[in-house]
Structure formats: structure tokens, C-alpha cells
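Scroll down for the structure; my scribbles are underneath it.
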Amino acid sequence: MTNNIQNTQIELIEKKINMTSLILGVIFIALGIVLFIYSRNIEANMLSSTMVFFGVVSLLFALFFFISKLNAKIYSKTNSPIIERQLYYDIADFYKLKDIIENNDFESIDKFKRIEEGNIQLYVLYSKDKKFAALQLLKYEPFDFIPQTEIKIFER
């Protein structure tokens with residue numbers, strides 16, 4: 001029917017390098033290296049082992065920051081981070097939700113009860129400053145969620 005919001009690049013959303021994660025990753029790598037170097041100069045076995053352990057933990061934290069936190073999506077007009085959510089609803093609410101989204105009545109979505117997991121998914125991207133939102137209604141058909149509405153974009 002339409003592009004899937006999860007695979008489509010929205011022009012108002014940019015991918016940037018998260019400088020905080022980059023700096024923290026470099027700091028944790030340096031800390032890990034320092035702990036490894038000084039652990040060799042210490043005669044006490046327990047202290048040396050503890051320093052090696054914390055060096056490994058430090059390197060794992062650096063790896064975490066480099067892999068999961070390095071790239072960030074931001075709303076290009078305000079440089080606000082983008083938050084992604086998947087909200088699930090009961091199949092009985094599908095046509096009502098579809099009408100609400102197609103009529104741009106986004107405030108009415110809050111009236112529907114969310115469930116933990118379901119066949120109807122509302123995929124939402126919004127900026128932390130609440131100036132931007134994009135959403136799309138998806139329905140589970142065997143093996144995947146299939147788009148049921150166009151990607152709707154809302155800006156303040």
C-alpha cells in the first residue's frame with residue numbers, strides 16, 4: 001500500500017553522531033587501557049585481578065557506547081532527539097483508529113486502550129521537544145506488520 005515508516009527516510013529526520021557517546025566511549029577505552037597497564041605493575045594478585053576486571057568492564061562500556069548510542073536521529077529544525085515507540089491495540093479498534101489517523105484527529109488516539117502485544121501496531125516517531133511527530137498504522141499479516149495508512153507527519 002505505502003512505504004513502511006520503519007524503512008523510510010523522513011526528510012525532517014537526520015542521523016547524526018552523538019558526541020556525548022563518542023566522548024564517553026573514548027574515555028572508557030582510555031580508562032580500560034590505563035587499568036590494564038597499571039595492573040601489570042602491581043604485585044598483589046587480588047588487586048591486579050580487580051584492575052583487569054574493571055579494565056574489561058570499562059572496555060565493554062566503551063563498546064556499548066560505540067555500538068548502540070553513537071548514531072542518533074534528530075528532528076532537523078530544532079535538533080531535538082527522536083523517540084520511537086510501537087503502541088499495540090486490539091484488532092476490534094482497527095477501523096476506528098484508521099479513520100482517526102486518516103482524518104488527522106491524533107488527540108482521539110488516547111481514548112483507545114493499549115495492550116501489551118497485538119495485531120494492530122501504531123508506530124510513532126516524535127521529537128523530545130514535542131514539535132514533530134510521524135505515525136503510521138500497521139496491521140500484522142503473516143510474518144510482518146503491513147502498513148495500513150500513509151505516513152502522517154505533524155509539526156508545531
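For the C-alpha cells, the naming scheme is as follows: chains receive sequential letters (A, B, ...) according to their order of presentation, residues are indexed from 1 within each chain, and ligands are indexed from 1 in presentation order.
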Excluding Ser80 (chain A) and residues on its chain fewer than 4 positions from it, collect all residues at most 7 Å away from it, counting only C-alpha atoms, and give them as a PDB file with C-alpha atoms, in the first residue's frame.
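part-v9.pdb was written with the following content:
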ATOM      1  CA  ILE A  74      17.218  14.161  15.442  1.00  0.00           C
ATOM      2  CA  TYR A  75      14.482  16.496  14.233  1.00  0.00           C
ATOM      3  CA  SER A 127      10.815  14.699  18.916  1.00  0.00           C
ATOM      4  CA  LYS A 128      11.670  15.112  22.572  1.00  0.00           C
ATOM      5  CA  ASP A 129      10.582  18.759  22.431  1.00  0.00           C
TER       6      ASP A 129
END
From A:Leu70, A:Ile146, A:Ala30, A:Ile151, residue lying nearest Ala134 (chain A) [only C-alpha atoms]: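 Smallest distance to Ala134 (chain A) is found for A:Ile151.
The list of residues with at least one atom within 9 Å of Lys15 (chain A), based on only C-alpha atoms and without residues fewer than 6 positions apart in the same chain, reads Asn71, Ala72, Lys73 and Ile74 of chain A.
Using only C-alpha atoms, the smallest distance between any of A:Phe106, A:Phe154, A:Phe36, A:Tyr126 and Val56 (chain A) comes from A:Phe36.
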Selection near Ile37 (chain A), 12 Å with only C-alpha atoms, sequence-local residues under 4 positions removed, as a PyMOL selection string: chain A and resi 30-33+41-42+48+51-52+55
Go ahead and save the picked residues with C-alpha atoms, as a short mmCIF file (atom, residue, chain, number, x, y, z; two decimals), in the first residue's frame.
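Result went into out-v2.cif, see below:
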data_model
loop_
_atom_site.label_atom_id
_atom_site.label_comp_id
_atom_site.auth_asym_id
_atom_site.auth_seq_id
_atom_site.Cartn_x
_atom_site.Cartn_y
_atom_site.Cartn_z
CA ALA A 30 41.44 5.14 27.88
CA LEU A 31 40.41 4.07 31.38
CA GLY A 32 40.49 0.41 30.37
CA ILE A 33 43.95 0.74 28.85
CA ASN A 41 52.98 -3.21 37.80
CA ILE A 42 51.11 -4.32 40.92
CA SER A 48 45.86 -6.84 39.88
CA MET A 51 42.09 -3.87 37.94
CA VAL A 52 41.98 -6.23 34.95
CA GLY A 55 39.51 -2.69 32.63
#
Selection: 12 Å around Tyr123 (chain A), only C-alpha atoms, excl. self and same-chain fewer than 6 positions, as a list in words: Asn4, Ile5, Gln6, Asn7, Ile83, Glu84, Arg85, Gln86, Leu87, Tyr88, Tyr89, Ile101, Ala133, Ala134, Leu135, Gln136, Leu137, Leu138, Lys139, Phe145, Ile146, Pro147, Gln148, Thr149, Glu150, Ile151 and Lys152 of chain A
Spatial neighbours of Lys111 (chain A), 12 Å, only C-alpha atoms, chain gap at least 3 places, as a PyMOL selection string: chain A and resi 89+93+96-97+100+105-108+114
Separation of CA of Ser68 (chain A) from CA of Lys131 (chain A) in Å: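 A separation of 25.1 Å between them.
The environment of Phe61 (chain A) within 10 Å, counting only C-alpha atoms and disregarding residues fewer than 3 places along the same chain, consists of Leu24, Gly25, Ile27, Phe28, Ile29, Gly32, Gly55, Val56, Val57, Ser58, Phe64, Phe65, Phe66 and Ile67 of chain A.
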Separation of CA of Val34 (chain A) from CA of Thr20 (chain A), in Å and rounded to one decimal: 21.1 Å
DSSP-assigned alpha helix (DSSP H) among chain A, expressed as JSON, numbers by chain: {"A": [19, 20, 21, 22, 23, 24, 25, 26, 27, 28, 29, 30, 31, 32, 33, 34, 35, 36, 37, 38, 39, 40, 45, 46, 47, 48, 49, 50, 51, 52, 53, 54, 55, 56, 57, 58, 59, 60, 61, 62, 63, 64, 65, 66, 67, 68, 94, 95, 96, 97, 98, 99, 100, 101, 102]}
